[in-house]
Amino acid sequence: MQSALRSMFSRTIAIAAIVGLTAWQPAPQKVYICDSSSSYAYHIDRDCSGLGHCKHRILVVTKQDAINTYGRQACKICAR
Ligand SMILES: [Zn+2]
């Protein structure tokens, strides 16, 4: 009885873990890019000194968009 109860318990935990994993959709990470053709990086930190030089608009995009759409690479200061 004891072991049956325990195996049922651990099974419930396993199911909860699977459900939790599949239900968990990671929110796409937002990054900051300077809307300038000369900038090459995306920034994690809005207050990064690399962004401070930006004289253009600062766009908030997903990290994926920054890389795939805008062709940016990780900022060496804030996004290593
Ligand atoms: Zn940066």
# chains A, B, ... in the order shown; residues from 1 in each chain; ligands from 1
call {"tool": "residues_near_ligand", "arguments": {"ligand": "ligand 1", "cutoff": "10 Å", "atoms": "only C-alpha atoms and all ligand atoms", "output": "ChimeraX atom specification"}}
result
/A:31-33,41-52,74-80
call {"tool": "closest_residue", "arguments": {"among": "A:Ser10, A:Ser37, A:Gln29, A:Gln73", "to": "Val61 of chain A", "atoms": "only C-alpha atoms"}}
result
A:Gln29
call {"tool": "residues_around", "arguments": {"residues": "Ser36 of chain A", "least_positions_apart": "5", "cutoff": "8 Å", "atoms": "only C-alpha atoms", "output": "number ranges by chain"}}
result
A: 54, 56-57
call {"tool": "write_last_selection", "arguments": {"atoms": "N, CA and C atoms", "output": "CSV table (one decimal), in the first residue's frame"}}
result
chain,number,residue,atom,x,y,z
A,54,CYS,N,23.5,56.3,-29.9
A,54,CYS,CA,22.5,56.3,-31.0
A,54,CYS,C,21.8,57.6,-31.2
A,56,HIS,N,19.5,57.9,-33.6
A,56,HIS,CA,18.3,57.5,-34.3
A,56,HIS,C,17.3,57.0,-33.3
A,57,ARG,N,16.2,56.5,-33.8
A,57,ARG,CA,15.2,55.9,-33.0
A,57,ARG,C,15.8,54.6,-32.4
call {"tool": "closest_residue", "arguments": {"among": "A:Lys63, A:Ala14, A:Ser7, A:Arg72", "to": "Ser39 of chain A", "atoms": "only C-alpha atoms"}}
result
A:Arg72
call {"tool": "select_by_dssp", "arguments": {"residues": "chain A", "states": "strand (DSSP E)", "output": "list in words"}}
result
Lys30, Val31, Tyr32, Ile33, Cys34, Ala41, Tyr42, His43, Ile58, Leu59, Val60, Val61, Thr62, Gln73 and Ala74 of chain A
call {"tool": "residues_around", "arguments": {"residues": "Gln64 of chain A", "least_positions_apart": "3", "cutoff": "9 Å", "atoms": "only C-alpha atoms", "output": "PyMOL selection string"}}
result
chain A and resi 28-30+61+67-69
call {"tool": "decode", "arguments": {"residues": "segment 32-77 of chain A", "atoms": "N, CA and C atoms", "output": "PDB file, in the first residue's frame"}}
result
ATOM      1  N   TYR A  32      17.132  45.766 -27.639  1.00  0.00           N
ATOM      2  CA  TYR A  32      17.084  47.135 -28.154  1.00  0.00           C
ATOM      3  C   TYR A  32      18.083  47.277 -29.296  1.00  0.00           C
ATOM      4  N   ILE A  33      17.618  47.896 -30.362  1.00  0.00           N
ATOM      5  CA  ILE A  33      18.543  48.175 -31.454  1.00  0.00           C
ATOM      6  C   ILE A  33      18.412  49.632 -31.861  1.00  0.00           C
ATOM      7  N   CYS A  34      19.510  50.184 -32.303  1.00  0.00           N
ATOM      8  CA  CYS A  34      19.501  51.545 -32.808  1.00  0.00           C
ATOM      9  C   CYS A  34      19.117  51.491 -34.282  1.00  0.00           C
ATOM     10  N   ASP A  35      18.130  52.303 -34.666  1.00  0.00           N
ATOM     11  CA  ASP A  35      17.631  52.279 -36.029  1.00  0.00           C
ATOM     12  C   ASP A  35      18.567  53.057 -36.947  1.00  0.00           C
ATOM     13  N   SER A  36      19.778  52.586 -37.032  1.00  0.00           N
ATOM     14  CA  SER A  36      20.779  53.235 -37.866  1.00  0.00           C
ATOM     15  C   SER A  36      21.490  52.175 -38.686  1.00  0.00           C
ATOM     16  N   SER A  37      21.785  52.508 -39.940  1.00  0.00           N
ATOM     17  CA  SER A  37      22.403  51.514 -40.812  1.00  0.00           C
ATOM     18  C   SER A  37      23.825  51.194 -40.378  1.00  0.00           C
ATOM     19  N   SER A  38      24.414  52.068 -39.576  1.00  0.00           N
ATOM     20  CA  SER A  38      25.794  51.838 -39.178  1.00  0.00           C
ATOM     21  C   SER A  38      25.903  51.018 -37.891  1.00  0.00           C
ATOM     22  N   SER A  39      24.776  50.820 -37.207  1.00  0.00           N
ATOM     23  CA  SER A  39      24.888  50.011 -35.992  1.00  0.00           C
ATOM     24  C   SER A  39      24.814  48.543 -36.328  1.00  0.00           C
ATOM     25  N   TYR A  40      25.536  47.778 -35.579  1.00  0.00           N
ATOM     26  CA  TYR A  40      25.665  46.360 -35.879  1.00  0.00           C
ATOM     27  C   TYR A  40      25.136  45.476 -34.756  1.00  0.00           C
ATOM     28  N   ALA A  41      24.852  46.067 -33.593  1.00  0.00           N
ATOM     29  CA  ALA A  41      24.590  45.248 -32.414  1.00  0.00           C
ATOM     30  C   ALA A  41      23.161  45.383 -31.913  1.00  0.00           C
ATOM     31  N   TYR A  42      22.747  44.378 -31.194  1.00  0.00           N
ATOM     32  CA  TYR A  42      21.520  44.506 -30.405  1.00  0.00           C
ATOM     33  C   TYR A  42      21.911  44.536 -28.935  1.00  0.00           C
ATOM     34  N   HIS A  43      21.081  45.204 -28.157  1.00  0.00           N
ATOM     35  CA  HIS A  43      21.423  45.435 -26.765  1.00  0.00           C
ATOM     36  C   HIS A  43      20.384  44.841 -25.832  1.00  0.00           C
ATOM     37  N   ILE A  44      20.862  44.234 -24.774  1.00  0.00           N
ATOM     38  CA  ILE A  44      19.983  43.700 -23.738  1.00  0.00           C
ATOM     39  C   ILE A  44      19.620  44.823 -22.772  1.00  0.00           C
ATOM     40  N   ASP A  45      20.565  45.676 -22.545  1.00  0.00           N
ATOM     41  CA  ASP A  45      20.420  46.735 -21.561  1.00  0.00           C
ATOM     42  C   ASP A  45      20.035  48.040 -22.250  1.00  0.00           C
ATOM     43  N   ARG A  46      18.877  48.588 -21.868  1.00  0.00           N
ATOM     44  CA  ARG A  46      18.404  49.838 -22.472  1.00  0.00           C
ATOM     45  C   ARG A  46      19.375  50.990 -22.180  1.00  0.00           C
ATOM     46  N   ASP A  47      20.071  50.897 -21.082  1.00  0.00           N
ATOM     47  CA  ASP A  47      20.976  51.969 -20.695  1.00  0.00           C
ATOM     48  C   ASP A  47      22.427  51.683 -21.098  1.00  0.00           C
ATOM     49  N   CYS A  48      22.614  50.739 -22.008  1.00  0.00           N
ATOM     50  CA  CYS A  48      23.960  50.395 -22.451  1.00  0.00           C
ATOM     51  C   CYS A  48      24.639  51.617 -23.069  1.00  0.00           C
ATOM     52  N   SER A  49      25.924  51.759 -22.812  1.00  0.00           N
ATOM     53  CA  SER A  49      26.644  52.914 -23.350  1.00  0.00           C
ATOM     54  C   SER A  49      26.716  52.847 -24.872  1.00  0.00           C
ATOM     55  N   GLY A  50      26.616  51.631 -25.426  1.00  0.00           N
ATOM     56  CA  GLY A  50      26.598  51.484 -26.870  1.00  0.00           C
ATOM     57  C   GLY A  50      25.351  52.094 -27.488  1.00  0.00           C
ATOM     58  N   LEU A  51      24.254  52.048 -26.753  1.00  0.00           N
ATOM     59  CA  LEU A  51      23.005  52.644 -27.231  1.00  0.00           C
ATOM     60  C   LEU A  51      23.002  54.155 -26.999  1.00  0.00           C
ATOM     61  N   GLY A  52      23.783  54.586 -26.059  1.00  0.00           N
ATOM     62  CA  GLY A  52      23.834  56.004 -25.732  1.00  0.00           C
ATOM     63  C   GLY A  52      24.314  56.846 -26.896  1.00  0.00           C
ATOM     64  N   HIS A  53      25.073  56.211 -27.808  1.00  0.00           N
ATOM     65  CA  HIS A  53      25.595  56.934 -28.969  1.00  0.00           C
ATOM     66  C   HIS A  53      24.561  57.047 -30.080  1.00  0.00           C
ATOM     67  N   CYS A  54      23.452  56.323 -29.913  1.00  0.00           N
ATOM     68  CA  CYS A  54      22.457  56.268 -30.977  1.00  0.00           C
ATOM     69  C   CYS A  54      21.775  57.614 -31.159  1.00  0.00           C
ATOM     70  N   LYS A  55      21.829  58.129 -32.391  1.00  0.00           N
ATOM     71  CA  LYS A  55      21.180  59.403 -32.698  1.00  0.00           C
ATOM     72  C   LYS A  55      19.851  59.170 -33.404  1.00  0.00           C
ATOM     73  N   HIS A  56      19.523  57.915 -33.609  1.00  0.00           N
ATOM     74  CA  HIS A  56      18.298  57.545 -34.306  1.00  0.00           C
ATOM     75  C   HIS A  56      17.290  56.998 -33.317  1.00  0.00           C
ATOM     76  N   ARG A  57      16.199  56.490 -33.842  1.00  0.00           N
ATOM     77  CA  ARG A  57      15.209  55.856 -32.974  1.00  0.00           C
ATOM     78  C   ARG A  57      15.801  54.594 -32.380  1.00  0.00           C
ATOM     79  N   ILE A  58      15.338  54.254 -31.196  1.00  0.00           N
ATOM     80  CA  ILE A  58      15.714  52.979 -30.604  1.00  0.00           C
ATOM     81  C   ILE A  58      14.512  52.050 -30.709  1.00  0.00           C
ATOM     82  N   LEU A  59      14.725  50.945 -31.367  1.00  0.00           N
ATOM     83  CA  LEU A  59      13.632  49.994 -31.591  1.00  0.00           C
ATOM     84  C   LEU A  59      13.703  48.872 -30.576  1.00  0.00           C
ATOM     85  N   VAL A  60      12.540  48.396 -30.162  1.00  0.00           N
ATOM     86  CA  VAL A  60      12.462  47.231 -29.294  1.00  0.00           C
ATOM     87  C   VAL A  60      11.955  46.073 -30.139  1.00  0.00           C
ATOM     88  N   VAL A  61      12.776  45.072 -30.311  1.00  0.00           N
ATOM     89  CA  VAL A  61      12.410  43.915 -31.131  1.00  0.00           C
ATOM     90  C   VAL A  61      12.771  42.645 -30.364  1.00  0.00           C
ATOM     91  N   THR A  62      12.314  41.513 -30.866  1.00  0.00           N
ATOM     92  CA  THR A  62      12.744  40.264 -30.247  1.00  0.00           C
ATOM     93  C   THR A  62      14.180  39.986 -30.672  1.00  0.00           C
ATOM     94  N   LYS A  63      14.854  39.214 -29.833  1.00  0.00           N
ATOM     95  CA  LYS A  63      16.244  38.885 -30.124  1.00  0.00           C
ATOM     96  C   LYS A  63      16.370  38.196 -31.486  1.00  0.00           C
ATOM     97  N   GLN A  64      15.374  37.345 -31.786  1.00  0.00           N
ATOM     98  CA  GLN A  64      15.360  36.631 -33.051  1.00  0.00           C
ATOM     99  C   GLN A  64      15.268  37.602 -34.235  1.00  0.00           C
ATOM    100  N   ASP A  65      14.386  38.601 -34.109  1.00  0.00           N
ATOM    101  CA  ASP A  65      14.253  39.602 -35.161  1.00  0.00           C
ATOM    102  C   ASP A  65      15.524  40.413 -35.316  1.00  0.00           C
ATOM    103  N   ALA A  66      16.125  40.747 -34.200  1.00  0.00           N
ATOM    104  CA  ALA A  66      17.348  41.537 -34.246  1.00  0.00           C
ATOM    105  C   ALA A  66      18.418  40.816 -35.060  1.00  0.00           C
ATOM    106  N   ILE A  67      18.486  39.504 -34.879  1.00  0.00           N
ATOM    107  CA  ILE A  67      19.508  38.717 -35.563  1.00  0.00           C
ATOM    108  C   ILE A  67      19.097  38.434 -37.012  1.00  0.00           C
ATOM    109  N   ASN A  68      17.866  37.908 -37.189  1.00  0.00           N
ATOM    110  CA  ASN A  68      17.450  37.447 -38.510  1.00  0.00           C
ATOM    111  C   ASN A  68      16.993  38.575 -39.433  1.00  0.00           C
ATOM    112  N   THR A  69      16.231  39.517 -38.893  1.00  0.00           N
ATOM    113  CA  THR A  69      15.671  40.569 -39.734  1.00  0.00           C
ATOM    114  C   THR A  69      16.629  41.742 -39.876  1.00  0.00           C
ATOM    115  N   TYR A  70      17.263  42.096 -38.786  1.00  0.00           N
ATOM    116  CA  TYR A  70      18.118  43.282 -38.810  1.00  0.00           C
ATOM    117  C   TYR A  70      19.608  42.944 -38.940  1.00  0.00           C
ATOM    118  N   GLY A  71      19.924  41.654 -38.871  1.00  0.00           N
ATOM    119  CA  GLY A  71      21.301  41.240 -39.046  1.00  0.00           C
ATOM    120  C   GLY A  71      22.249  41.746 -37.970  1.00  0.00           C
ATOM    121  N   ARG A  72      21.714  41.896 -36.773  1.00  0.00           N
ATOM    122  CA  ARG A  72      22.556  42.390 -35.679  1.00  0.00           C
ATOM    123  C   ARG A  72      23.232  41.247 -34.945  1.00  0.00           C
ATOM    124  N   GLN A  73      24.300  41.610 -34.285  1.00  0.00           N
ATOM    125  CA  GLN A  73      24.959  40.640 -33.411  1.00  0.00           C
ATOM    126  C   GLN A  73      25.002  41.177 -31.994  1.00  0.00           C
ATOM    127  N   ALA A  74      25.292  40.308 -31.066  1.00  0.00           N
ATOM    128  CA  ALA A  74      25.229  40.673 -29.655  1.00  0.00           C
ATOM    129  C   ALA A  74      26.207  41.806 -29.358  1.00  0.00           C
ATOM    130  N   CYS A  75      25.723  42.773 -28.592  1.00  0.00           N
ATOM    131  CA  CYS A  75      26.580  43.876 -28.171  1.00  0.00           C
ATOM    132  C   CYS A  75      27.707  43.344 -27.305  1.00  0.00           C
ATOM    133  N   LYS A  76      28.879  43.867 -27.521  1.00  0.00           N
ATOM    134  CA  LYS A  76      30.034  43.374 -26.758  1.00  0.00           C
ATOM    135  C   LYS A  76      30.030  43.901 -25.334  1.00  0.00           C
ATOM    136  N   ILE A  77      29.256  44.935 -25.087  1.00  0.00           N
ATOM    137  CA  ILE A  77      29.239  45.517 -23.740  1.00  0.00           C
ATOM    138  C   ILE A  77      28.180  44.857 -22.864  1.00  0.00           C
TER     139      ILE A  77
END
